[in-house]
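This report concerns only the one structure given below.
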Amino acid sequence: MSGGHAHALHIHGHSVVHRLPGHLKVAALVLFVAAVVATPARAVWAFGLDAAVLGLVAGLAGVPARFIARRMLVEVPFLAFAVLLPLVGEGPFFEFGGVRLSEAGLLAAWTILAKGSCGVVASILLAATTEIPDILAGLNRLRVPKAIVAIAGFMVRYLEVISGEVARMRVAMAARGYEPKSFWQVRALATSAGALFIRSYERGERVYMAMVSRGYAGTMPTFGETPTMTTDVVRALTLPGLAIITAAVALVVSG
Amino acid sequence: MHIPDGFINGTTSLGAVVIAAGGVGGALRRSATRLKDRQIPLAGLVAAFVFVLQMLNFPVLPGMSGHLLGGALAAILMGPSVAVVVVSVVIILQAMLFADGGVSALGLNLINMAVVTTLSGWIMFRLVRAPFRPSRRAVLGASFVAATLSVVVSAVLFVVEYAIGGVGGVNLLNVLLLMAGSHLLIGIGEGFITVAVVGAVLQARPDLVFGASDLAAEGGPRLPMKRFWILAGVAGAVLVSLTVFASSNPDGLQWVAEQTGFAQTAQGSLTATSPLSNYGTSGLSDAAGRIVAALVGIVVTFLLGWGTLAILRRRSPA
Amino acid sequence: MSASISVTDLTFSYPGGHKALDGVNLHIGAGEQVAMFGPNGAGKTTFALHLNGIHMPPVGAVVVGGTPLDDNSVMDIRRRVGMVFQDPDDQLFMPTVRQDVAFGPANFGITGDELDERVRDALAAVEMGHAIDRAPHHLSLGERRRVAVATVLASKPEILVLDEPSSNLDPASRRELATILKSLDVTMLMVTHDLPYALELCERAVIIDAGKVVADGGTRELLGDPDMLALHRLELPYGFDLKSV
């Protein structure tokens, strides 16, 4: 898990992609991913098309390829799994470069690679072009339960505060000569994790008191929503729309 | 393990979304009833804590490291319903913001990591505590077992999901052994960390450990007993039927007959049991099936014995 | 707009049994600026939390501008008594400054254009209008303190209660905050260890120790009594000469 800081996820910009409202982009992500998952794996051309359209969006938004590549490192664990599949899969088998590979395993590996990567890049593009408050507001508009979105908002807000406290604790421990190298030394870290929980909980209670002091009575106040423009909807649907058409064609062609 | 897009087919993923929505929605309602107004800030802060904690990597084997899931820990500290909500928020944001876990696999990831890890961890925590008098040692011992096994349960569930809708290509029982085995190691790491964290919180603020609220001087909310005995009974029944099903497999009996000759095989008997060996041998799948059946049998016997002990303990004067 | 606040016989014990307040009596007139000193654990913060009903007085009474604090009046009193907590991170919990400052008035029923106006005016009062769409964690501590004050000012309170407003601020931020607080037309109670700050901003001071009011008088008079100060673990900073201020 990379767990990077929030600002490492976002590329500042004013492109047409950036200016689309959050809820449309989130919906577009979901539709795009659904289309990719529905696309039959053997239609290799279809994934090439999906990748090309993703590249187009990235270009329009000004998201550099190096940035995307770096964030794609989150894929490494399942890539490792994918690479193993042709080696340990079931028969029928075929020879390639002196190694016996499983056909089914190879197809499965390709499926994971293609679909997984498309999904990852699409998520990266969402985070890169949309500020977190807009993503959360978007989730609200898409009827995700308000409490979940509110809790998510607090989680994001206090993530840096809590990581800051962890960083300070590690510095304090390092200053006393503590640098865990083996598993058993992790115990002191885990004990300080207990202290971190208590601090987080107590802060949660203080935040609650601050909320109550400003009139909070159980429901978060709603701030006005701007009406959705048709032009924005059309723009947002371009990526998933193309992916859906591609998937449909691939499904029909493969019979 | 965060499942990415492409592992599991669309129909299964969609079904998982429906189940996850139900589970998380139910947990949300219960957690709102328990925490009332304080739900949003408290769950938000604890979610930030869990997220940061998940960055804790620990080595399990040379070159391989696992990281904390935190489901069982969250359940022991905050109670099961709040824990489900908290971990759900973490999983959702990981998928949307960090591309950790596919958007199409969100339902599956929520089930595996937010619902099943927390709930199974909580159930096992209560079950392990049951025969013993409320004590710090009982809480910590139960935390260890619960956290360790919750990780294994979640890994096994992933294999079941893969069996239902995975991209295929591998022999499932071998995948099961590989997943269960590696996650047992990760689970042990999680178990140790969970014990350390629960222990530290118990020391400083015992009132903040939901699972130990019967230890605190003032007493706390009474933990519902009857529900868990019903659950344990159901779990036991399911496991018993699985055992019966596995042992009725005729190939398994054949394998037992061959076993005496198996030991004499000169050709790499060690490599024959490794998951990466030649998968063409049908005998190996039966061996795996037999091992699973044996494990299930042991677990069932253990649970029945444990349950008997617990009932006897409740009957005896405190 | 300012109001008076009256506390009579306030007694409060925490669940563990520790008696934090033991019959506190304090009357603050409309428009007064009062500082509250005391050693750590004296009950200052606990006292402050009673002023807007976060703790409801189990024994004794709190009256704000003639309205007694009870379950019916508590929402109205929360609007009229603005509480600024010690750690600004505890009260800047929304994704943007705008939403934080709007949170209070929105809860009290203000919407639309009036809400926008409240937000702009409150931020202007603390000179943080430029930060309106920024995330709180991108601001410095001094800036966050000022925004925290704005979040409370947006509901147009009559009484402002501040808990250690100058702690951890660099000298320039401290100065900026003092200027802002002096410009406000509210009754003010400031809990603080920063004795010079209290002298600068509050004409009256109260000392609380072990849950009781042990001194109440002009700030200058109180600070000029070193024995009284020492008795309650207070002292003037090194080199601070009361006569020169």
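Chain lettering (A, B, ...) mirrors the order of the structure tokens, residue numbering begins at 1 for each chain separately, and ligand numbering begins at 1 in order of display.
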Problem set entry | Exercise: region 155-168 of chain C partners within 9 Å, only C-alpha atoms, chain neighbours under 6 positions left out, as an MDAnalysis selection string | (chainID A and resid 214) or (chainID C and resid 1:5 30:31 44:45 48 51 64:65 78:87 101:102 104:106 108 110 118 122 141:142 145 149 174 177:178 185:194 197)
Would you mind exporting the chosen residues as a short mmCIF file (atom, residue, chain, number, x, y, z; two decimals), in the first residue's frame, restricted to N, CA and C atoms?
data_model
loop_
_atom_site.label_atom_id
_atom_site.label_comp_id
_atom_site.auth_asym_id
_atom_site.auth_seq_id
_atom_site.Cartn_x
_atom_site.Cartn_y
_atom_site.Cartn_z
N ARG A 214 -20.75 24.48 17.74
CA ARG A 214 -21.20 25.28 16.61
C ARG A 214 -22.55 24.79 16.09
N MET C 1 -22.57 43.50 19.44
CA MET C 1 -23.61 43.01 20.35
C MET C 1 -22.96 42.13 21.42
N SER C 2 -23.14 42.51 22.67
CA SER C 2 -22.55 41.68 23.71
C SER C 2 -23.59 41.42 24.79
N ALA C 3 -23.38 40.36 25.54
CA ALA C 3 -24.32 40.00 26.60
C ALA C 3 -23.55 39.66 27.86
N SER C 4 -24.26 39.60 28.95
CA SER C 4 -23.62 39.23 30.21
C SER C 4 -23.70 37.72 30.39
N ILE C 5 -22.85 37.23 31.27
CA ILE C 5 -22.93 35.80 31.58
C ILE C 5 -22.73 35.63 33.08
N ALA C 30 -21.97 42.61 30.41
CA ALA C 30 -21.92 42.73 28.95
C ALA C 30 -20.75 43.60 28.55
N GLY C 31 -19.96 43.16 27.61
CA GLY C 31 -18.86 43.95 27.09
C GLY C 31 -17.56 43.85 27.89
N LYS C 44 -10.18 25.15 34.77
CA LYS C 44 -10.48 26.26 33.85
C LYS C 44 -11.22 25.77 32.61
N THR C 45 -10.68 24.72 31.97
CA THR C 45 -11.31 24.23 30.75
C THR C 45 -12.67 23.62 31.06
N ALA C 48 -15.07 26.37 31.32
CA ALA C 48 -15.42 26.93 30.02
C ALA C 48 -16.45 26.06 29.31
N LEU C 51 -20.06 26.82 29.82
CA LEU C 51 -20.63 28.08 29.39
C LEU C 51 -21.48 27.96 28.13
N VAL C 64 -27.10 33.19 30.48
CA VAL C 64 -26.49 33.97 29.42
C VAL C 64 -27.44 35.08 29.00
N GLY C 65 -27.07 36.35 29.28
CA GLY C 65 -27.90 37.48 28.88
C GLY C 65 -29.33 37.33 29.35
N ARG C 78 -25.68 28.18 22.44
CA ARG C 78 -24.48 27.81 21.69
C ARG C 78 -24.20 28.80 20.57
N ARG C 79 -25.26 29.38 20.04
CA ARG C 79 -25.06 30.39 19.01
C ARG C 79 -24.50 31.66 19.63
N ARG C 80 -24.99 31.98 20.82
CA ARG C 80 -24.63 33.26 21.43
C ARG C 80 -23.30 33.21 22.16
N VAL C 81 -22.86 32.01 22.57
CA VAL C 81 -21.57 31.88 23.24
C VAL C 81 -20.64 31.16 22.29
N GLY C 82 -19.67 31.88 21.73
CA GLY C 82 -18.74 31.27 20.79
C GLY C 82 -17.51 30.73 21.51
N MET C 83 -17.20 29.45 21.29
CA MET C 83 -16.09 28.82 22.00
C MET C 83 -14.93 28.57 21.05
N VAL C 84 -13.76 29.13 21.37
CA VAL C 84 -12.57 28.88 20.56
C VAL C 84 -11.65 27.97 21.37
N PHE C 85 -11.45 26.75 20.89
CA PHE C 85 -10.69 25.75 21.64
C PHE C 85 -9.19 25.94 21.48
N GLN C 86 -8.46 25.24 22.31
CA GLN C 86 -7.02 25.40 22.36
C GLN C 86 -6.34 24.95 21.07
N ASP C 87 -6.75 23.82 20.50
CA ASP C 87 -6.10 23.27 19.32
C ASP C 87 -6.97 23.57 18.10
N VAL C 101 -16.06 27.76 8.19
CA VAL C 101 -16.65 28.99 8.70
C VAL C 101 -18.17 28.97 8.50
N ALA C 102 -18.64 28.30 7.45
CA ALA C 102 -20.08 28.23 7.20
C ALA C 102 -20.79 27.21 8.09
N GLY C 104 -21.06 26.65 11.35
CA GLY C 104 -21.83 27.17 12.47
C GLY C 104 -23.14 27.78 12.02
N PRO C 105 -23.08 28.88 11.26
CA PRO C 105 -24.34 29.52 10.83
C PRO C 105 -25.26 28.58 10.07
N ALA C 106 -24.70 27.66 9.28
CA ALA C 106 -25.57 26.72 8.55
C ALA C 106 -26.37 25.87 9.53
N PHE C 108 -27.26 26.80 12.41
CA PHE C 108 -28.25 27.64 13.10
C PHE C 108 -29.29 28.18 12.14
N ILE C 110 -28.91 29.54 8.86
CA ILE C 110 -28.61 30.56 7.84
C ILE C 110 -28.30 29.86 6.53
N ARG C 118 -22.02 36.03 5.68
CA ARG C 118 -21.48 35.76 7.03
C ARG C 118 -20.05 35.24 6.94
N ALA C 122 -16.87 37.22 8.43
CA ALA C 122 -16.11 36.62 9.52
C ALA C 122 -14.64 36.50 9.14
N LEU C 141 0.03 27.72 11.85
CA LEU C 141 -0.72 27.66 13.10
C LEU C 141 -1.43 28.97 13.39
N GLY C 142 -0.71 30.08 13.18
CA GLY C 142 -1.32 31.39 13.44
C GLY C 142 -2.53 31.62 12.55
N ARG C 145 -5.38 29.52 13.81
CA ARG C 145 -6.00 30.13 15.00
C ARG C 145 -7.00 31.19 14.59
N VAL C 149 -11.13 31.38 15.04
CA VAL C 149 -11.92 32.49 15.59
C VAL C 149 -13.04 32.85 14.62
N ARG C 174 0.93 36.42 17.34
CA ARG C 174 0.36 36.81 18.63
C ARG C 174 -0.15 38.25 18.56
N LEU C 177 -3.30 38.50 16.31
CA LEU C 177 -4.50 38.01 16.99
C LEU C 177 -4.98 39.03 18.01
N ALA C 178 -4.05 39.64 18.75
CA ALA C 178 -4.43 40.63 19.76
C ALA C 178 -5.18 41.78 19.10
N ASP C 185 -16.58 43.52 19.18
CA ASP C 185 -17.53 44.07 20.14
C ASP C 185 -18.29 42.93 20.80
N VAL C 186 -17.58 42.22 21.68
CA VAL C 186 -18.21 41.09 22.37
C VAL C 186 -17.74 41.06 23.82
N THR C 187 -18.49 40.34 24.64
CA THR C 187 -18.00 40.03 25.99
C THR C 187 -16.96 38.94 25.81
N MET C 188 -15.86 39.01 26.57
CA MET C 188 -14.81 38.03 26.33
C MET C 188 -14.30 37.39 27.62
N LEU C 189 -14.17 36.08 27.61
CA LEU C 189 -13.50 35.36 28.71
C LEU C 189 -12.33 34.61 28.09
N MET C 190 -11.13 34.90 28.58
CA MET C 190 -9.95 34.29 28.00
C MET C 190 -9.23 33.46 29.06
N VAL C 191 -9.21 32.15 28.84
CA VAL C 191 -8.45 31.26 29.72
C VAL C 191 -7.01 31.26 29.22
N THR C 192 -6.05 31.59 30.07
CA THR C 192 -4.69 31.71 29.55
C THR C 192 -3.63 31.59 30.62
N HIS C 193 -2.43 31.18 30.16
CA HIS C 193 -1.24 31.23 31.02
C HIS C 193 -0.40 32.43 30.66
N ASP C 194 -0.78 33.09 29.55
CA ASP C 194 0.03 34.17 29.00
C ASP C 194 -0.35 35.46 29.73
N TYR C 197 -0.31 38.87 27.89
CA TYR C 197 -1.39 38.92 26.91
C TYR C 197 -2.70 39.30 27.60
#
For this session: Give me the residues within 8 Å of Asp232 (chain A) as a list in words, counting only C-alpha atoms and dropping any in the same chain fewer than 5 places off.
Result: Leu20, Pro21 and Leu24 of chain A
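For region 21-33 of chain B, the set of protein, DNA and RNA residues having any atom at most 10 Å away, when counting only C-alpha atoms and skipping those fewer than 6 positions along the same chain, is Pro145, Ala147, Ile148 and Gly218 of chain A; Gly15, Gln39, Ile40, Ala43, Met78, Gly79, Pro80, Ser81, Val82, Ala83, Val84, Val85, Val86, Val87, Ser88, Val89, Gly107, Leu110, Ile111, Ala114, Val115 and Val116 of chain B.
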Please save C-alpha atoms of the selected residues as a short mmCIF file (atom, residue, chain, number, x, y, z; two decimals), in the first residue's frame.
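For reference, part32.cif as written:
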data_model
loop_
_atom_site.label_atom_id
_atom_site.label_comp_id
_atom_site.auth_asym_id
_atom_site.auth_seq_id
_atom_site.Cartn_x
_atom_site.Cartn_y
_atom_site.Cartn_z
CA PRO A 145 -24.94 7.21 2.41
CA ALA A 147 -22.69 9.26 7.03
CA ILE A 148 -20.12 7.29 5.03
CA GLY A 218 -26.41 14.87 14.35
CA GLY B 15 -23.37 -9.69 -6.54
CA GLN B 39 -20.47 8.68 15.21
CA ILE B 40 -19.11 10.86 12.45
CA ALA B 43 -15.43 6.97 13.25
CA MET B 78 -14.71 -0.04 18.90
CA GLY B 79 -17.20 -2.86 18.70
CA PRO B 80 -18.15 -4.77 15.52
CA SER B 81 -20.65 -2.40 13.93
CA VAL B 82 -18.46 0.70 14.26
CA ALA B 83 -15.45 -1.32 13.09
CA VAL B 84 -17.26 -2.41 9.90
CA VAL B 85 -18.12 1.21 9.13
CA VAL B 86 -14.60 2.44 9.87
CA VAL B 87 -12.80 -0.15 7.76
CA SER B 88 -15.36 0.26 4.95
CA VAL B 89 -14.54 3.94 4.68
CA GLY B 107 -17.91 -5.06 -3.19
CA LEU B 110 -15.54 -4.59 1.36
CA ILE B 111 -16.82 -8.07 2.12
CA ALA B 114 -14.37 -4.64 6.08
CA VAL B 115 -17.12 -7.11 6.89
CA VAL B 116 -15.69 -10.60 7.24
#
For this session: as a ChimeraX atom specification, please: all residues of region 63-236 of chain B that backbone DSSP puts in alpha helix (DSSP H).
Result: /B:71-78,80-98,106-109,117-129,136-165,172-204,226-236
Serialized selection, C-alpha atoms, as a tab-separated table (two decimals), in the first residue's frame:
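Okay, this is what ended up in again-v8.tsv:
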chain	number	residue	atom	x	y	z
B	71	GLY	CA	-10.30	-5.40	11.12
B	72	ALA	CA	-10.18	-7.52	14.24
B	73	LEU	CA	-8.33	-4.76	16.11
B	74	ALA	CA	-10.99	-2.22	15.17
B	75	ALA	CA	-13.73	-4.60	16.31
B	76	ILE	CA	-12.10	-5.25	19.68
B	77	LEU	CA	-11.51	-1.56	20.30
B	78	MET	CA	-14.71	-0.04	18.90
B	80	PRO	CA	-18.15	-4.77	15.52
B	81	SER	CA	-20.65	-2.40	13.93
B	82	VAL	CA	-18.46	0.70	14.26
B	83	ALA	CA	-15.45	-1.32	13.09
B	84	VAL	CA	-17.26	-2.41	9.90
B	85	VAL	CA	-18.12	1.21	9.13
B	86	VAL	CA	-14.60	2.44	9.87
B	87	VAL	CA	-12.80	-0.15	7.76
B	88	SER	CA	-15.36	0.26	4.95
B	89	VAL	CA	-14.54	3.94	4.68
B	90	VAL	CA	-10.85	3.10	4.56
B	91	ILE	CA	-11.37	0.52	1.79
B	92	ILE	CA	-13.62	2.81	-0.26
B	93	LEU	CA	-11.15	5.68	-0.17
B	94	GLN	CA	-8.23	3.38	-0.93
B	95	ALA	CA	-10.03	2.26	-4.09
B	96	MET	CA	-11.17	5.73	-5.18
B	97	LEU	CA	-8.10	7.75	-4.28
B	98	PHE	CA	-5.12	5.43	-4.13
B	106	LEU	CA	-15.05	-2.80	-4.25
B	107	GLY	CA	-17.91	-5.06	-3.19
B	108	LEU	CA	-15.55	-8.01	-2.80
B	109	ASN	CA	-12.92	-6.01	-0.97
B	117	THR	CA	-12.38	-9.71	8.89
B	118	THR	CA	-14.04	-7.54	11.49
B	119	LEU	CA	-17.05	-9.75	12.19
B	120	SER	CA	-15.15	-13.04	12.21
B	121	GLY	CA	-12.50	-11.41	14.37
B	122	TRP	CA	-15.16	-10.23	16.80
B	123	ILE	CA	-16.96	-13.57	16.91
B	124	MET	CA	-13.72	-15.46	17.50
B	125	PHE	CA	-12.67	-12.92	20.12
B	126	ARG	CA	-15.89	-13.53	22.03
B	127	LEU	CA	-15.71	-17.30	21.56
B	128	VAL	CA	-12.14	-17.52	22.80
B	129	ARG	CA	-12.94	-15.34	25.81
B	136	ARG	CA	-6.63	-8.82	30.95
B	137	ARG	CA	-4.86	-12.02	29.95
B	138	ALA	CA	-8.04	-13.51	28.52
B	139	VAL	CA	-8.68	-10.37	26.48
B	140	LEU	CA	-5.15	-10.36	25.09
B	141	GLY	CA	-5.11	-14.07	24.33
B	142	ALA	CA	-8.44	-13.83	22.57
B	143	SER	CA	-7.23	-10.77	20.64
B	144	PHE	CA	-4.28	-12.73	19.32
B	145	VAL	CA	-6.31	-15.71	18.16
B	146	ALA	CA	-9.06	-13.57	16.71
B	147	ALA	CA	-6.74	-11.31	14.76
B	148	THR	CA	-4.64	-14.19	13.42
B	149	LEU	CA	-7.59	-16.28	12.29
B	150	SER	CA	-9.52	-13.33	10.86
B	151	VAL	CA	-6.77	-12.84	8.30
B	152	VAL	CA	-6.86	-16.52	7.35
B	153	VAL	CA	-10.65	-16.50	7.05
B	154	SER	CA	-10.47	-13.52	4.73
B	155	ALA	CA	-7.85	-15.26	2.58
B	156	VAL	CA	-9.96	-18.41	2.37
B	157	LEU	CA	-12.96	-16.33	1.41
B	158	PHE	CA	-10.95	-14.82	-1.43
B	159	VAL	CA	-10.28	-18.32	-2.74
B	160	VAL	CA	-13.99	-19.10	-2.57
B	161	GLU	CA	-14.71	-15.94	-4.55
B	162	TYR	CA	-12.05	-16.91	-7.05
B	163	ALA	CA	-13.69	-20.30	-7.35
B	164	ILE	CA	-17.03	-18.69	-8.10
B	165	GLY	CA	-15.98	-15.98	-10.51
B	172	LEU	CA	-8.09	-24.21	-6.62
B	173	LEU	CA	-7.18	-26.37	-3.70
B	174	ASN	CA	-3.49	-25.60	-4.21
B	175	VAL	CA	-4.33	-21.92	-4.34
B	176	LEU	CA	-6.26	-22.43	-1.13
B	177	LEU	CA	-3.27	-23.95	0.61
B	178	LEU	CA	-0.95	-21.25	-0.67
B	179	MET	CA	-3.28	-18.42	0.36
B	180	ALA	CA	-4.19	-19.90	3.71
B	181	GLY	CA	-0.57	-20.72	4.50
B	182	SER	CA	0.90	-17.34	3.58
B	183	HIS	CA	-1.93	-15.51	5.28
B	184	LEU	CA	-1.46	-17.58	8.40
B	185	LEU	CA	2.01	-16.08	8.61
B	186	ILE	CA	0.67	-12.59	7.95
B	187	GLY	CA	-2.10	-13.31	10.42
B	188	ILE	CA	0.37	-14.17	13.15
B	189	GLY	CA	2.05	-10.82	12.59
B	190	GLU	CA	-1.31	-9.12	12.77
B	191	GLY	CA	-2.06	-11.10	15.91
B	192	PHE	CA	1.05	-9.85	17.69
B	193	ILE	CA	0.46	-6.26	16.68
B	194	THR	CA	-3.19	-6.47	17.72
B	195	VAL	CA	-2.23	-7.79	21.14
B	196	ALA	CA	0.36	-5.05	21.60
B	197	VAL	CA	-2.07	-2.30	20.64
B	198	VAL	CA	-4.98	-3.64	22.70
B	199	GLY	CA	-2.62	-4.14	25.62
B	200	ALA	CA	-1.35	-0.59	25.41
B	201	VAL	CA	-4.86	0.86	25.26
B	202	LEU	CA	-6.04	-1.39	28.11
B	203	GLN	CA	-3.20	-0.04	30.21
B	204	ALA	CA	-3.90	3.65	29.69
B	226	LYS	CA	-27.20	-15.55	23.35
B	227	ARG	CA	-26.65	-14.24	19.83
B	228	PHE	CA	-23.10	-15.51	19.79
B	229	TRP	CA	-24.03	-18.98	20.94
B	230	ILE	CA	-26.52	-19.22	18.10
B	231	LEU	CA	-23.83	-18.05	15.69
B	232	ALA	CA	-21.32	-20.50	17.07
B	233	GLY	CA	-23.87	-23.28	16.70
B	234	VAL	CA	-24.51	-22.37	13.08
B	235	ALA	CA	-20.78	-22.14	12.37
B	236	GLY	CA	-20.25	-25.53	13.94
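Proximity to chain C was assessed for A:Arg170, A:Arg157, A:Arg42, A:His18 counting only C-alpha atoms; the smallest distance is recorded for A:Arg157.
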For this session: Taking the DSSP assignment computed from this structure's backbone, write out as a PyMOL selection string all residues of region 13-174 of chain C that belong to strand (DSSP E or B).
Result: chain C and resi 13+19-28+33-37+59-64+67-68+81-84+159-163
Which residues of chain B come within 7 Å of chain A, and for each one, what is the closest pair of atoms and their distance in Å to one decimal, counting only C-alpha atoms, sorted by chain and residue number, as JSON lines?
{"residue": "B:Pro4", "atom": "CA", "partner": "A:Gly116", "partner_atom": "CA", "distance": 5.6}
{"residue": "B:Asp5", "atom": "CA", "partner": "A:Gly116", "partner_atom": "CA", "distance": 4.4}
{"residue": "B:Gly6", "atom": "CA", "partner": "A:Ile112", "partner_atom": "CA", "distance": 4.7}
{"residue": "B:Phe7", "atom": "CA", "partner": "A:Ile112", "partner_atom": "CA", "distance": 5.6}
{"residue": "B:Asn9", "atom": "CA", "partner": "A:Val37", "partner_atom": "CA", "distance": 6.8}
{"residue": "B:Gly10", "atom": "CA", "partner": "A:Val37", "partner_atom": "CA", "distance": 6.1}
{"residue": "B:Asp37", "atom": "CA", "partner": "A:Gly218", "partner_atom": "CA", "distance": 4.7}
{"residue": "B:Arg38", "atom": "CA", "partner": "A:Tyr208", "partner_atom": "CA", "distance": 6.1}
{"residue": "B:Ile40", "atom": "CA", "partner": "A:Ile151", "partner_atom": "CA", "distance": 5.2}
{"residue": "B:Pro41", "atom": "CA", "partner": "A:Gly204", "partner_atom": "CA", "distance": 5.3}
{"residue": "B:Leu42", "atom": "CA", "partner": "A:Gly204", "partner_atom": "CA", "distance": 4.6}
{"residue": "B:Ala43", "atom": "CA", "partner": "A:Ile151", "partner_atom": "CA", "distance": 6.3}
{"residue": "B:Gly44", "atom": "CA", "partner": "A:Ile151", "partner_atom": "CA", "distance": 4.5}
{"residue": "B:Leu45", "atom": "CA", "partner": "A:Gly204", "partner_atom": "CA", "distance": 5.5}
{"residue": "B:Val46", "atom": "CA", "partner": "A:Ser200", "partner_atom": "CA", "distance": 6.3}
{"residue": "B:Ala47", "atom": "CA", "partner": "A:Met155", "partner_atom": "CA", "distance": 5.7}
{"residue": "B:Ala48", "atom": "CA", "partner": "A:Met155", "partner_atom": "CA", "distance": 4.7}
{"residue": "B:Phe49", "atom": "CA", "partner": "A:Phe197", "partner_atom": "CA", "distance": 6.4}
{"residue": "B:Val52", "atom": "CA", "partner": "A:Ser163", "partner_atom": "CA", "distance": 6.4}
{"residue": "B:Met55", "atom": "CA", "partner": "A:Met1", "partner_atom": "CA", "distance": 6.7}
{"residue": "B:Phe58", "atom": "CA", "partner": "A:Phe183", "partner_atom": "CA", "distance": 6.3}
{"residue": "B:Pro59", "atom": "CA", "partner": "A:Phe183", "partner_atom": "CA", "distance": 6.2}
{"residue": "B:Val89", "atom": "CA", "partner": "A:Ala152", "partner_atom": "CA", "distance": 5.9}
{"residue": "B:Met96", "atom": "CA", "partner": "A:Ser123", "partner_atom": "CA", "distance": 6.2}
{"residue": "B:Leu97", "atom": "CA", "partner": "A:Ala127", "partner_atom": "CA", "distance": 5.4}
{"residue": "B:Ala99", "atom": "CA", "partner": "A:Val120", "partner_atom": "CA", "distance": 5.3}
{"residue": "B:Asp100", "atom": "CA", "partner": "A:Val74", "partner_atom": "CA", "distance": 6.5}
{"residue": "B:Gly102", "atom": "CA", "partner": "A:Gly119", "partner_atom": "CA", "distance": 6.2}
{"residue": "B:Val103", "atom": "CA", "partner": "A:Val30", "partner_atom": "CA", "distance": 6.6}
{"residue": "B:Ser104", "atom": "CA", "partner": "A:Val33", "partner_atom": "CA", "distance": 6.3}
{"residue": "B:Val167", "atom": "CA", "partner": "A:Ala108", "partner_atom": "CA", "distance": 5.3}
{"residue": "B:Gly168", "atom": "CA", "partner": "A:Ala108", "partner_atom": "CA", "distance": 6.2}
{"residue": "B:Gly169", "atom": "CA", "partner": "A:Gly105", "partner_atom": "CA", "distance": 4.4}
{"residue": "B:Val170", "atom": "CA", "partner": "A:Gly89", "partner_atom": "CA", "distance": 4.5}
{"residue": "B:Asn171", "atom": "CA", "partner": "A:Glu90", "partner_atom": "CA", "distance": 6.6}
{"residue": "B:Ile193", "atom": "CA", "partner": "A:Ala190", "partner_atom": "CA", "distance": 5.6}
{"residue": "B:Ala196", "atom": "CA", "partner": "A:Thr191", "partner_atom": "CA", "distance": 5.5}
{"residue": "B:Val197", "atom": "CA", "partner": "A:Gly194", "partner_atom": "CA", "distance": 4.4}
{"residue": "B:Val198", "atom": "CA", "partner": "A:Gly194", "partner_atom": "CA", "distance": 6.7}
{"residue": "B:Ala200", "atom": "CA", "partner": "A:Gly194", "partner_atom": "CA", "distance": 5.1}
{"residue": "B:Val201", "atom": "CA", "partner": "A:Gly194", "partner_atom": "CA", "distance": 5.3}
{"residue": "B:Leu276", "atom": "CA", "partner": "A:Val88", "partner_atom": "CA", "distance": 5.9}
{"residue": "B:Tyr279", "atom": "CA", "partner": "A:Glu90", "partner_atom": "CA", "distance": 6.5}
With C-alpha atoms retained, could you export that selection as a CSV table (one decimal), in the first residue's frame?
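File again.csv, as written:
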chain,number,residue,atom,x,y,z
B,4,PRO,CA,-7.8,-5.4,-8.4
B,5,ASP,CA,-10.1,-5.2,-11.4
B,6,GLY,CA,-9.9,-8.2,-13.7
B,7,PHE,CA,-9.4,-10.9,-11.1
B,9,ASN,CA,-15.8,-11.5,-13.3
B,10,GLY,CA,-18.5,-8.9,-13.5
B,37,ASP,CA,-24.1,12.2,17.4
B,38,ARG,CA,-20.5,11.2,18.0
B,40,ILE,CA,-19.1,10.9,12.4
B,41,PRO,CA,-16.1,12.5,14.2
B,42,LEU,CA,-15.2,9.4,16.2
B,43,ALA,CA,-15.4,7.0,13.3
B,44,GLY,CA,-13.6,9.5,11.1
B,45,LEU,CA,-10.7,9.8,13.4
B,46,VAL,CA,-10.5,6.0,14.0
B,47,ALA,CA,-10.6,5.5,10.3
B,48,ALA,CA,-7.6,7.8,9.9
B,49,PHE,CA,-5.9,5.8,12.6
B,52,VAL,CA,-2.1,5.0,9.0
B,55,MET,CA,1.1,1.4,6.5
B,58,PHE,CA,6.4,-6.3,8.9
B,59,PRO,CA,8.6,-9.0,7.5
B,89,VAL,CA,-14.5,3.9,4.7
B,96,MET,CA,-11.2,5.7,-5.2
B,97,LEU,CA,-8.1,7.8,-4.3
B,99,ALA,CA,-6.1,2.9,-6.8
B,100,ASP,CA,-5.5,0.2,-4.1
B,102,GLY,CA,-10.2,-2.1,-8.1
B,103,VAL,CA,-13.4,-0.1,-8.3
B,104,SER,CA,-15.2,-3.1,-9.8
B,167,VAL,CA,-10.4,-15.7,-14.2
B,168,GLY,CA,-9.4,-19.3,-13.7
B,169,GLY,CA,-6.3,-21.0,-14.8
B,170,VAL,CA,-5.2,-22.7,-11.6
B,171,ASN,CA,-6.0,-25.6,-9.4
B,193,ILE,CA,0.5,-6.3,16.7
B,196,ALA,CA,0.4,-5.1,21.6
B,197,VAL,CA,-2.1,-2.3,20.6
B,198,VAL,CA,-5.0,-3.6,22.7
B,200,ALA,CA,-1.4,-0.6,25.4
B,201,VAL,CA,-4.9,0.9,25.3
B,276,LEU,CA,4.6,-24.8,-7.6
B,279,TYR,CA,0.0,-29.7,-11.3
